[in-house]
Amino acid sequence: MEVSVIDRISRVSAEEWDALVGDDNPFIEHAFLDILEESGSVSAETGWQPAHVLVRDEGRLIGAAPLYVKDHSYGEYIFDWGWAQAANRAGLPYYPKLVDAVPFTPATGRRLLTQSDPENPDAPEPNVTRALVAGFQAVAEAAQAWSIHLLFTTAAERTLLAEAHDFIPRTTQQYHWHNKGYESFDHWLSFFRSKDRKNTRRERRKALEEVDHIRVVPGSEVTDREWRVIRRFYLDTISKKWGQAYLTDDFFSMLGKRLGDRAKIFFAEKDNRIVASALTFHKGKHLYGRYWGGRPGLDCLHFELCYHRPIQECIENGWTLFEAGAQGSHKLKRGLMPVEIASAHWLRHPGLKDAVADAMRREARYVRQQIAEEATHGPFRREAP
């Protein structure tokens, strides 16, 4: 096997890369990663220096990973600020570090792209994984990086990295919706407790009262003016959360032209003006919520565009999974249930590694207890599937 590193995703063909991607994750595709780089959202200047690892066998691409050299921890959503602070208190360096992830995107999926077993598509091929990890270690030596992080991995990837490559497994939490064969939105609501079912219907009525209509538009049909509105909403939402606007104007303008078949936008309109929107991405049987924005005072519209209407879209199309993004316990009462999120971490310094490994064992116990506890407070009746 030949291992190499490229500093731009465009240095490998989209056809080769996407042959390893799989059926349901739009963010790990060549086009999405390329738009991030070409738009200037991801670069050395923004603290995300691409160093993607490729594995070839007699010239054929058999393994790949989107890797970045970083000098900060922004835009990751698996938080390691406490580890960096602990290293600083001990007089140890923490940056630069390597991150295998999709920048600014808290969505689960494969991070080790290999030809997988059809019976277990989330599990990477062990020999190719060994070559990818060797590539990570080589980049770490060249960049003098102190750690390697694979974020929002599959559980199978986390297990293989922990058992065969001495990575620290980590368990965190999100809220996801899974389709249990629901025939309609009302059929899904029939499994709610009466109080929660009434609350959901009330939210949907109020949302519709606030606007003239709601429409769902493929990204390929969104006009340049509408993309500018989406971008403005994105900036407004970021400013309210004291966040950082990672995505540039060019990113949004490129989406419709380059990734229109993946983007799906939920628009709410009143008096012939867009008053709120939610940008989602779809591939295969999965839907992912990403960016919401709207005029102030439209709380029910937030629930409608970000949760209720995407879930309805999934049911009507037979899609199996909806991920609505990071954090947010308010999702629980709207039928998105707590699930484990996997990641894997390698730390160079043995003392810091041992301390983090012990903390992650305790964190995993707490997270699993919290998931079990929160699941009892969901909207579903006891006998619901």
# chains A, B, ... in the order shown; residues from 1 in each chain; ligands from 1

$ residues_around --residues "stretch 369-381 of chain A" --least-positions-apart "2" --cutoff "10 Å" --atoms "only C-alpha atoms" --output "PyMOL selection string"
chain A and resi 172-175+188-197+200+329+331-340+363-367+383-385

$ closest_atom_pairs --of "stretch 219-272 of chain A" --to "stretch 277-293 of chain A" --cutoff "10 Å" --atoms "only C-alpha atoms" --output "JSON lines"
{"residue": "A:Gly219", "atom": "CA", "partner": "A:Leu279", "partner_atom": "CA", "distance": 9.0}
{"residue": "A:Glu226", "atom": "CA", "partner": "A:Ser277", "partner_atom": "CA", "distance": 9.7}
{"residue": "A:Val229", "atom": "CA", "partner": "A:Ser277", "partner_atom": "CA", "distance": 8.6}
{"residue": "A:Ile230", "atom": "CA", "partner": "A:Ser277", "partner_atom": "CA", "distance": 6.7}
{"residue": "A:Arg231", "atom": "CA", "partner": "A:Gly293", "partner_atom": "CA", "distance": 9.0}
{"residue": "A:Arg232", "atom": "CA", "partner": "A:Gly293", "partner_atom": "CA", "distance": 8.1}
{"residue": "A:Phe233", "atom": "CA", "partner": "A:Gly293", "partner_atom": "CA", "distance": 4.3}
{"residue": "A:Tyr234", "atom": "CA", "partner": "A:Gly293", "partner_atom": "CA", "distance": 5.8}
{"residue": "A:Leu235", "atom": "CA", "partner": "A:Gly293", "partner_atom": "CA", "distance": 8.4}
{"residue": "A:Asp236", "atom": "CA", "partner": "A:Gly293", "partner_atom": "CA", "distance": 7.0}
{"residue": "A:Thr237", "atom": "CA", "partner": "A:Gly293", "partner_atom": "CA", "distance": 5.7}
{"residue": "A:Ile238", "atom": "CA", "partner": "A:Gly293", "partner_atom": "CA", "distance": 9.1}
{"residue": "A:Leu259", "atom": "CA", "partner": "A:Phe281", "partner_atom": "CA", "distance": 9.4}
{"residue": "A:Gly260", "atom": "CA", "partner": "A:Phe281", "partner_atom": "CA", "distance": 9.5}
{"residue": "A:Asp261", "atom": "CA", "partner": "A:His282", "partner_atom": "CA", "distance": 8.2}
{"residue": "A:Arg262", "atom": "CA", "partner": "A:His282", "partner_atom": "CA", "distance": 5.2}
{"residue": "A:Ala263", "atom": "CA", "partner": "A:Phe281", "partner_atom": "CA", "distance": 4.5}
{"residue": "A:Lys264", "atom": "CA", "partner": "A:Thr280", "partner_atom": "CA", "distance": 5.2}
{"residue": "A:Ile265", "atom": "CA", "partner": "A:Leu279", "partner_atom": "CA", "distance": 4.7}
{"residue": "A:Phe266", "atom": "CA", "partner": "A:Ala278", "partner_atom": "CA", "distance": 5.1}
{"residue": "A:Phe267", "atom": "CA", "partner": "A:Ser277", "partner_atom": "CA", "distance": 4.5}
{"residue": "A:Ala268", "atom": "CA", "partner": "A:Ser277", "partner_atom": "CA", "distance": 6.2}
{"residue": "A:Glu269", "atom": "CA", "partner": "A:Ser277", "partner_atom": "CA", "distance": 8.9}

$ residues_around --residues "A:Val3" --least-positions-apart "5" --cutoff "12 Å" --atoms "only C-alpha atoms" --output "number ranges by chain"
A: 52-65, 128-139

$ atom_distance --atom1 "atom CA of A:Ala143" --atom2 "atom CA of A:Val99"
12.4 Å

$ residues_around --residues "A:Gly351" --least-positions-apart "6" --cutoff "10 Å" --atoms "only C-alpha atoms" --output "NGL selection string"
:A and (87 or 90 or 357)

$ write_last_selection --atoms "N, CA, C and O atoms" --output "mmCIF file, in the first residue's frame"
data_model
loop_
_atom_site.group_PDB
_atom_site.id
_atom_site.type_symbol
_atom_site.label_atom_id
_atom_site.label_comp_id
_atom_site.auth_asym_id
_atom_site.auth_seq_id
_atom_site.Cartn_x
_atom_site.Cartn_y
_atom_site.Cartn_z
ATOM 1 N N ALA A 87 -3.588 20.664 29.804
ATOM 2 C CA ALA A 87 -2.226 20.633 29.275
ATOM 3 C C ALA A 87 -1.497 21.942 29.591
ATOM 4 O O ALA A 87 -0.331 21.944 30.001
ATOM 5 N N ALA A 90 -0.348 22.129 33.115
ATOM 6 C CA ALA A 90 0.780 21.240 33.368
ATOM 7 C C ALA A 90 2.038 21.668 32.616
ATOM 8 O O ALA A 90 3.070 20.979 32.691
ATOM 9 N N ALA A 357 -7.941 9.497 29.354
ATOM 10 C CA ALA A 357 -8.578 8.180 29.234
ATOM 11 C C ALA A 357 -9.419 7.872 30.460
ATOM 12 O O ALA A 357 -10.544 7.366 30.351
#

$ atom_distance --atom1 "atom CA of A:Glu38" --atom2 "atom CA of A:Pro310"
29.2 Å

$ atom_distance --atom1 "atom CA of A:Val216" --atom2 "atom CA of A:Arg309"
9.1 Å

$ select_by_dssp --residues "stretch 30-265 of chain A" --states "helix (DSSP H, G or I)" --output "JSON, numbers by chain"
{"A": [30, 31, 32, 33, 34, 35, 36, 37, 38, 81, 82, 83, 84, 85, 86, 87, 88, 89, 126, 127, 128, 129, 130, 131, 132, 133, 134, 135, 136, 137, 138, 139, 140, 141, 142, 143, 155, 156, 157, 158, 159, 160, 161, 162, 163, 164, 165, 185, 186, 187, 188, 189, 194, 195, 196, 197, 198, 199, 200, 201, 202, 203, 204, 205, 206, 207, 208, 209, 210, 219, 220, 221, 224, 225, 226, 227, 228, 229, 230, 231, 232, 233, 234, 235, 236, 237, 238, 239, 240, 249, 250, 251, 252, 253, 254, 255, 256, 257, 258, 259]}

$ closest_residue --among "A:Thr153, A:Asn179, A:Gln144, A:Ser39" --to "A:Ile78" --atoms "only C-alpha atoms"
A:Thr153

$ residues_around --residues "A:Tyr94" --least-positions-apart "3" --cutoff "9 Å" --atoms "only C-alpha atoms" --output "PyMOL selection string"
chain A and resi 71+83-85+87-88+97+145-147

$ write_last_selection --atoms "all heavy atoms" --output "JSON list (two decimals), in the first residue's frame"
[["chain", "number", "residue", "atom", "x", "y", "z"],
["A", 71, "ASP", "N", -4.74, 24.73, 14.83],
["A", 71, "ASP", "CA", -4.10, 25.38, 15.96],
["A", 71, "ASP", "C", -5.14, 25.93, 16.94],
["A", 71, "ASP", "O", -4.85, 26.80, 17.75],
["A", 71, "ASP", "CB", -3.16, 26.48, 15.49],
["A", 71, "ASP", "CG", -3.85, 27.52, 14.61],
["A", 71, "ASP", "OD1", -5.10, 27.48, 14.50],
["A", 71, "ASP", "OD2", -3.16, 28.38, 14.03],
["A", 83, "TRP", "N", -9.28, 19.65, 27.96],
["A", 83, "TRP", "CA", -8.00, 18.95, 27.79],
["A", 83, "TRP", "C", -6.89, 19.95, 27.51],
["A", 83, "TRP", "O", -5.78, 19.83, 28.04],
["A", 83, "TRP", "CB", -8.08, 17.95, 26.63],
["A", 83, "TRP", "CG", -9.21, 16.96, 26.72],
["A", 83, "TRP", "CD1", -10.15, 16.86, 27.71],
["A", 83, "TRP", "CD2", -9.54, 15.96, 25.76],
["A", 83, "TRP", "NE1", -11.04, 15.85, 27.42],
["A", 83, "TRP", "CE2", -10.69, 15.28, 26.24],
["A", 83, "TRP", "CE3", -8.98, 15.57, 24.55],
["A", 83, "TRP", "CZ2", -11.28, 14.24, 25.54],
["A", 83, "TRP", "CZ3", -9.56, 14.52, 23.85],
["A", 83, "TRP", "CH2", -10.70, 13.86, 24.35],
["A", 84, "ALA", "N", -7.17, 20.93, 26.65],
["A", 84, "ALA", "CA", -6.18, 21.95, 26.32],
["A", 84, "ALA", "C", -5.81, 22.77, 27.56],
["A", 84, "ALA", "O", -4.64, 23.09, 27.79],
["A", 84, "ALA", "CB", -6.71, 22.87, 25.23],
["A", 85, "GLN", "N", -6.82, 23.08, 28.39],
["A", 85, "GLN", "CA", -6.55, 23.84, 29.61],
["A", 85, "GLN", "C", -5.72, 23.02, 30.60],
["A", 85, "GLN", "O", -4.81, 23.55, 31.26],
["A", 85, "GLN", "CB", -7.87, 24.27, 30.24],
["A", 85, "GLN", "CG", -8.62, 25.31, 29.42],
["A", 85, "GLN", "CD", -10.08, 25.46, 29.87],
["A", 85, "GLN", "OE1", -10.53, 24.79, 30.80],
["A", 85, "GLN", "NE2", -10.80, 26.34, 29.19],
["A", 87, "ALA", "N", -3.59, 20.66, 29.80],
["A", 87, "ALA", "CA", -2.23, 20.63, 29.27],
["A", 87, "ALA", "C", -1.50, 21.94, 29.59],
["A", 87, "ALA", "O", -0.33, 21.94, 30.00],
["A", 87, "ALA", "CB", -2.26, 20.40, 27.77],
["A", 88, "ASN", "N", -2.20, 23.06, 29.43],
["A", 88, "ASN", "CA", -1.59, 24.36, 29.71],
["A", 88, "ASN", "C", -1.18, 24.48, 31.18],
["A", 88, "ASN", "O", -0.10, 24.97, 31.50],
["A", 88, "ASN", "CB", -2.57, 25.47, 29.33],
["A", 88, "ASN", "CG", -1.98, 26.85, 29.52],
["A", 88, "ASN", "OD1", -0.99, 27.21, 28.91],
["A", 88, "ASN", "ND2", -2.60, 27.64, 30.40],
["A", 97, "LYS", "N", -2.83, 20.28, 16.44],
["A", 97, "LYS", "CA", -3.43, 18.96, 16.54],
["A", 97, "LYS", "C", -3.99, 18.58, 15.17],
["A", 97, "LYS", "O", -4.14, 19.43, 14.29],
["A", 97, "LYS", "CB", -4.53, 18.93, 17.59],
["A", 97, "LYS", "CG", -5.75, 19.77, 17.26],
["A", 97, "LYS", "CD", -6.81, 19.62, 18.34],
["A", 97, "LYS", "CE", -8.11, 20.32, 17.94],
["A", 97, "LYS", "NZ", -9.16, 20.15, 18.95],
["A", 145, "ALA", "N", 2.43, 17.72, 15.63],
["A", 145, "ALA", "CA", 1.12, 17.76, 16.29],
["A", 145, "ALA", "C", 1.15, 16.90, 17.55],
["A", 145, "ALA", "O", 1.81, 15.86, 17.60],
["A", 145, "ALA", "CB", 0.04, 17.26, 15.34],
["A", 146, "TRP", "N", 0.38, 17.31, 18.54],
["A", 146, "TRP", "CA", 0.38, 16.65, 19.84],
["A", 146, "TRP", "C", -0.80, 15.70, 20.02],
["A", 146, "TRP", "O", -0.86, 14.99, 21.04],
["A", 146, "TRP", "CB", 0.39, 17.70, 20.95],
["A", 146, "TRP", "CG", 1.73, 18.37, 21.03],
["A", 146, "TRP", "CD1", 2.14, 19.47, 20.33],
["A", 146, "TRP", "CD2", 2.84, 17.96, 21.82],
["A", 146, "TRP", "NE1", 3.44, 19.78, 20.63],
["A", 146, "TRP", "CE2", 3.90, 18.87, 21.56],
["A", 146, "TRP", "CE3", 3.05, 16.94, 22.73],
["A", 146, "TRP", "CZ2", 5.15, 18.76, 22.17],
["A", 146, "TRP", "CZ3", 4.30, 16.84, 23.35],
["A", 146, "TRP", "CH2", 5.32, 17.74, 23.07],
["A", 147, "SER", "N", -1.73, 15.69, 19.08],
["A", 147, "SER", "CA", -2.88, 14.79, 19.24],
["A", 147, "SER", "C", -3.56, 14.58, 17.90],
["A", 147, "SER", "O", -3.35, 15.34, 16.95],
["A", 147, "SER", "CB", -3.88, 15.35, 20.26],
["A", 147, "SER", "OG", -4.32, 16.65, 19.88]]

$ closest_residue --among "A:Asp100, A:Asp7, A:Glu45, A:Glu221" --to "A:Ile28" --atoms "only C-alpha atoms"
A:Asp100
